[in-house]
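Enquirer: structure.cif is reproduced in full below (mmCIF, C-alpha atoms).
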```
data_input
loop_
_atom_site.group_PDB
_atom_site.id
_atom_site.type_symbol
_atom_site.label_atom_id
_atom_site.label_comp_id
_atom_site.auth_asym_id
_atom_site.auth_seq_id
_atom_site.Cartn_x
_atom_site.Cartn_y
_atom_site.Cartn_z
ATOM 1 C CA MET A 1 28.404 -55.373 -51.426
ATOM 2 C CA ALA A 2 29.885 -53.935 -48.273
ATOM 3 C CA TYR A 3 33.008 -54.770 -46.323
ATOM 4 C CA ALA A 4 32.706 -57.842 -44.096
ATOM 5 C CA ALA A 5 35.134 -59.503 -41.708
ATOM 6 C CA ALA A 6 34.629 -62.934 -40.174
ATOM 7 C CA ILE A 7 36.798 -63.066 -37.044
ATOM 8 C CA ASN A 8 37.510 -66.223 -35.073
ATOM 9 C CA VAL A 9 39.336 -65.930 -31.739
ATOM 10 C CA GLN A 10 40.368 -69.361 -30.518
ATOM 11 C CA HIS A 11 41.830 -70.096 -27.083
ATOM 12 C CA LEU A 12 44.216 -73.002 -27.594
ATOM 13 C CA GLY A 13 44.892 -73.565 -23.888
ATOM 14 C CA LYS A 14 47.940 -72.711 -21.767
ATOM 15 C CA GLY A 15 47.466 -69.014 -22.530
ATOM 16 C CA ARG A 16 47.790 -69.375 -26.307
ATOM 17 C CA TYR A 17 45.387 -67.654 -28.701
ATOM 18 C CA THR A 18 45.004 -67.618 -32.468
ATOM 19 C CA VAL A 19 42.945 -65.036 -34.340
ATOM 20 C CA SER A 20 41.797 -65.773 -37.896
ATOM 21 C CA ILE A 21 40.299 -62.994 -40.029
ATOM 22 C CA SER A 22 38.599 -63.493 -43.391
ATOM 23 C CA GLU A 23 37.808 -60.196 -45.124
ATOM 24 C CA THR A 24 35.727 -59.556 -48.238
ATOM 25 C CA GLU A 25 35.225 -56.286 -50.145
ATOM 26 C CA CYS A 26 38.281 -54.989 -48.308
ATOM 27 C CA ALA A 27 39.699 -51.509 -49.030
ATOM 28 C CA ALA A 28 42.699 -49.673 -47.584
ATOM 29 C CA THR A 29 40.632 -48.161 -44.748
ATOM 30 C CA SER A 30 38.596 -51.282 -43.891
ATOM 31 C CA GLU A 31 39.027 -52.299 -40.264
ATOM 32 C CA ALA A 32 38.373 -55.550 -38.397
ATOM 33 C CA VAL A 33 37.693 -55.245 -34.664
ATOM 34 C CA ILE A 34 39.097 -58.182 -32.699
ATOM 35 C CA THR A 35 37.389 -58.826 -29.343
ATOM 36 C CA GLY A 36 37.733 -61.568 -26.759
ATOM 37 C CA LEU A 37 41.492 -61.409 -26.247
ATOM 38 C CA PRO A 38 43.190 -61.384 -22.838
ATOM 39 C CA LEU A 39 43.838 -57.972 -21.279
ATOM 40 C CA SER A 40 47.600 -58.460 -21.495
ATOM 41 C CA ALA A 41 49.570 -60.670 -23.855
ATOM 42 C CA VAL A 42 52.417 -60.742 -26.350
ATOM 43 C CA LEU A 43 52.086 -60.772 -30.127
ATOM 44 C CA LEU A 44 54.069 -63.663 -31.611
ATOM 45 C CA LYS A 45 53.178 -63.677 -35.311
ATOM 46 C CA GLN A 46 51.284 -61.722 -38.000
ATOM 47 C CA VAL A 47 50.357 -63.322 -41.352
ATOM 48 C CA THR A 48 48.251 -61.641 -44.067
ATOM 49 C CA ALA A 49 47.599 -62.850 -47.616
ATOM 50 C CA LEU A 50 45.692 -61.250 -50.485
ATOM 51 C CA THR A 51 43.639 -64.020 -52.122
ATOM 52 C CA SER A 52 41.757 -62.055 -54.817
ATOM 53 C CA GLY A 53 40.709 -58.593 -55.924
ATOM 54 C CA THR A 54 42.095 -55.491 -57.596
ATOM 55 C CA GLY A 55 44.921 -55.069 -55.106
ATOM 56 C CA ALA A 56 48.401 -56.497 -55.644
ATOM 57 C CA THR A 57 49.779 -56.089 -52.116
ATOM 58 C CA VAL A 58 48.754 -55.864 -48.455
ATOM 59 C CA ASN A 59 50.490 -53.927 -45.698
ATOM 60 C CA PRO A 60 48.822 -54.962 -42.406
ATOM 61 C CA ILE A 61 48.746 -53.019 -39.175
ATOM 62 C CA ILE A 62 47.295 -53.923 -35.766
ATOM 63 C CA GLY A 63 46.791 -51.567 -32.868
ATOM 64 C CA LEU A 64 45.158 -50.636 -29.612
ATOM 65 C CA ALA A 65 42.797 -48.045 -31.130
ATOM 66 C CA THR A 66 40.716 -47.655 -34.258
ATOM 67 C CA ASN A 67 42.817 -46.514 -37.249
ATOM 68 C CA PRO A 68 46.074 -47.340 -35.403
ATOM 69 C CA ALA A 69 48.634 -44.532 -35.481
ATOM 70 C CA GLY A 70 51.450 -43.264 -33.277
ATOM 71 C CA ILE A 71 51.621 -44.918 -29.879
ATOM 72 C CA SER A 72 48.472 -46.986 -30.500
ATOM 73 C CA ILE A 73 50.307 -49.135 -33.115
ATOM 74 C CA LEU A 74 51.107 -52.616 -31.828
ATOM 75 C CA ALA A 75 52.698 -53.968 -35.036
ATOM 76 C CA GLU A 76 52.993 -52.553 -38.544
ATOM 77 C CA ASN A 77 54.302 -54.417 -41.569
ATOM 78 C CA GLU A 78 57.357 -52.751 -43.149
ATOM 79 C CA THR A 79 57.209 -53.819 -46.820
ATOM 80 C CA ALA A 80 53.951 -54.385 -48.706
ATOM 81 C CA ALA A 81 53.640 -57.738 -50.516
ATOM 82 C CA ALA A 82 50.940 -60.097 -51.773
ATOM 83 C CA SER A 83 51.574 -62.197 -48.669
ATOM 84 C CA VAL A 84 53.350 -61.153 -45.477
ATOM 85 C CA ASN A 85 54.586 -63.370 -42.652
ATOM 86 C CA ASN A 86 56.026 -61.472 -39.682
ATOM 87 C CA ILE A 87 57.465 -63.146 -36.597
ATOM 88 C CA ALA A 88 57.821 -60.749 -33.670
ATOM 89 C CA SER A 89 61.406 -60.886 -32.440
ATOM 90 C CA PRO A 90 61.475 -59.840 -29.729
ATOM 91 C CA GLN A 91 57.863 -60.578 -28.910
ATOM 92 C CA ILE A 92 55.620 -57.512 -28.616
ATOM 93 C CA PRO A 93 53.890 -57.040 -25.230
ATOM 94 C CA PHE A 94 50.616 -55.137 -24.934
ATOM 95 C CA ALA A 95 47.830 -54.399 -22.487
ATOM 96 C CA THR A 96 44.274 -53.286 -23.195
ATOM 97 C CA ALA A 97 41.386 -52.322 -20.939
ATOM 98 C CA SER A 98 38.929 -54.447 -22.933
ATOM 99 C CA GLY A 99 40.815 -57.210 -24.789
ATOM 100 C CA THR A 100 40.102 -55.463 -28.109
ATOM 101 C CA LEU A 101 42.536 -54.854 -30.987
ATOM 102 C CA TYR A 102 42.057 -53.225 -34.406
ATOM 103 C CA HIS A 103 43.390 -54.749 -37.650
ATOM 104 C CA ARG A 104 43.719 -53.196 -41.119
ATOM 105 C CA SER A 105 45.028 -55.245 -44.057
ATOM 106 C CA ARG A 106 45.566 -52.098 -46.180
ATOM 107 C CA PRO A 107 45.494 -53.426 -49.760
ATOM 108 C CA ASN A 108 47.153 -51.051 -52.210
ATOM 109 C CA ALA A 109 44.171 -50.763 -54.591
ATOM 110 C CA GLY A 110 40.464 -51.406 -54.933
ATOM 111 C CA ALA A 111 37.602 -52.154 -52.564
ATOM 112 C CA ASP A 112 36.910 -55.683 -53.852
ATOM 113 C CA ASN A 113 39.744 -57.571 -52.153
ATOM 114 C CA ALA A 114 39.502 -60.882 -50.323
ATOM 115 C CA ILE A 115 42.150 -61.196 -47.619
ATOM 116 C CA LEU A 116 43.032 -63.798 -44.984
ATOM 117 C CA SER A 117 44.973 -62.949 -41.819
ATOM 118 C CA ARG A 118 46.166 -64.842 -38.769
ATOM 119 C CA TYR A 119 47.675 -63.629 -35.515
ATOM 120 C CA LEU A 120 49.241 -65.678 -32.721
ATOM 121 C CA PHE A 121 49.271 -64.402 -29.110
ATOM 122 C CA GLN A 122 50.551 -65.681 -25.754
ATOM 123 C CA VAL A 123 49.179 -64.479 -22.398
ATOM 124 C CA GLY A 124 51.550 -62.552 -20.159
ATOM 125 C CA TRP A 125 54.865 -60.786 -20.600
#
```
Please render this file's structure as structure tokens.

Expert:
Amino acid sequence: MAYAAAINVQHLGKGRYTVSISETECAATSEAVITGLPLSAVLLKQVTALTSGTGATVNPIIGLATNPAGISILAENETAAASVNNIASPQIPFATASGTLYHRSRPNAGADNAILSRYLFQVGW
């Protein structure tokens, strides 16, 4: 099988958004492309959990460009774990031309991992 990511962007009203990502056959370089977000917002929370597969840990990253690196990184987890729950303090502002962000769960091993992620955003800064 090949990598697949089911992405659900939900507008909760009053400028609040939640993004849910369900990945299968995920490897360290697998990337989910999140579309449909506002052009400017703040990142409030990042949660990623490894649910099955060869991997033992995840180390998520989200950014403004594919394969986020350098100044395109919006948020990067610091310590790999089976489940990570990061609250942005202070909140992380960003702006994009298209409302698109790029997420990588980055499991530490294998290409057979199932991973769930959730992000919370608020419009404006």

Enquirer: Residue by residue, what does the PyMOL selection byres ((chain A and resi 63-78) around 9) grab here? Present the result as a VMD selection string.

Expert: chain A and resid 29 31 33 43 46 58 to 62 79 to 80 84 86 88 92 to 96 100 to 104

Enquirer: For the PyMOL selection byres ((chain A and resi 30) around 10), applied here, can you spell out every residue it catches as a list in words?

Expert: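 When the PyMOL selection byres ((chain A and resi 30) around 10) is applied, the selected residues are Tyr3, Ala4, Ala5, Glu23, Thr24, Glu25, Cys26, Ala27, Ala28, Thr29, Glu31, Ala32, Asn67, His103, Arg104, Ser105, Arg106, Pro107 and Ala111 of chain A.
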
Enquirer: Given the file above and the PyMOL selection byres ((chain A and resi 21) around 7), which residues are selected, and can you give them as a list in words?

Expert: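 After applying the PyMOL selection byres ((chain A and resi 21) around 7), what remains is Ala5, Ala6, Ile7, Asn8, Val19, Ser20, Ser22, Glu23, Leu116, Ser117 and Arg118 of chain A.
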
Enquirer: Next, dump the selected residues to file, keeping only C-alpha atoms, as a PDB file, in the frame of the given file.

Expert:
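Printed below is part_2.pdb as written:
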```pdb
ATOM      1  CA  ALA A   5      35.134 -59.503 -41.708  1.00  0.00           C
ATOM      2  CA  ALA A   6      34.629 -62.934 -40.174  1.00  0.00           C
ATOM      3  CA  ILE A   7      36.798 -63.066 -37.044  1.00  0.00           C
ATOM      4  CA  ASN A   8      37.510 -66.223 -35.073  1.00  0.00           C
ATOM      5  CA  VAL A  19      42.945 -65.036 -34.340  1.00  0.00           C
ATOM      6  CA  SER A  20      41.797 -65.773 -37.896  1.00  0.00           C
ATOM      7  CA  SER A  22      38.599 -63.493 -43.391  1.00  0.00           C
ATOM      8  CA  GLU A  23      37.808 -60.196 -45.124  1.00  0.00           C
ATOM      9  CA  LEU A 116      43.032 -63.798 -44.984  1.00  0.00           C
ATOM     10  CA  SER A 117      44.973 -62.949 -41.819  1.00  0.00           C
ATOM     11  CA  ARG A 118      46.166 -64.842 -38.769  1.00  0.00           C
TER      12      ARG A 118
END
```

Enquirer: Go through A:Gly124, A:Gly110, A:Pro90, A:Gly99 and flag the residue nearest Gly36 in chain A, using only C-alpha atoms for the distances.

Expert: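 Nearest to Gly36 in chain A: A:Gly99.
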
Enquirer: In Å, rounded to a single decimal, give me how far CA of Val9 in chain A is from CA of Asp112 in chain A.

Expert: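 According to the coordinates, CA of Asp112 in chain A and CA of Val9 in chain A are separated by 24.5 Å.
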
Enquirer: Specify the axis-aligned box that encloses all atoms of range 71-89 of chain A listed in the file after padding of 3 Å on each side, stating its centre and edge lengths in Å to one decimal as lines of an AutoDock Vina configuration file.

Expert:
```
center_x = 54.9
center_y = -54.1
center_z = -40.8
size_x = 18.9
size_y = 24.5
size_z = 27.9
```

Enquirer: Have a look at CA of Val42 in chain A and CA of Asn108 in chain A and let me know their distance in Å, one decimal.

Expert: 28.1 Å

Enquirer: For Ser98 in chain A, which residue out of A:Leu12, A:Ile34, A:Met1, A:Ala49 is the nearest one, using only C-alpha atoms?

Expert: A:Ile34

Enquirer: Of the candidates A:Leu37, A:Ala2, A:Ala97, A:Leu50, which one gets nearest to Val123 in chain A if we count only C-alpha atoms?

Expert: A:Leu37

Enquirer: Quick check, in Å to one decimal: how far apart do CA of Val47 in chain A and CA of Gln122 in chain A lie?

Expert: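 Going from CA of Val47 in chain A over to CA of Gln122 in chain A covers 15.8 Å.
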
Enquirer: Neighbours of Leu44 in chain A within 6 Å (only C-alpha atoms; same-chain residues fewer than 3 positions away dropped), as an MDAnalysis selection string?

Expert: chainID A and resid 88 91 120:121
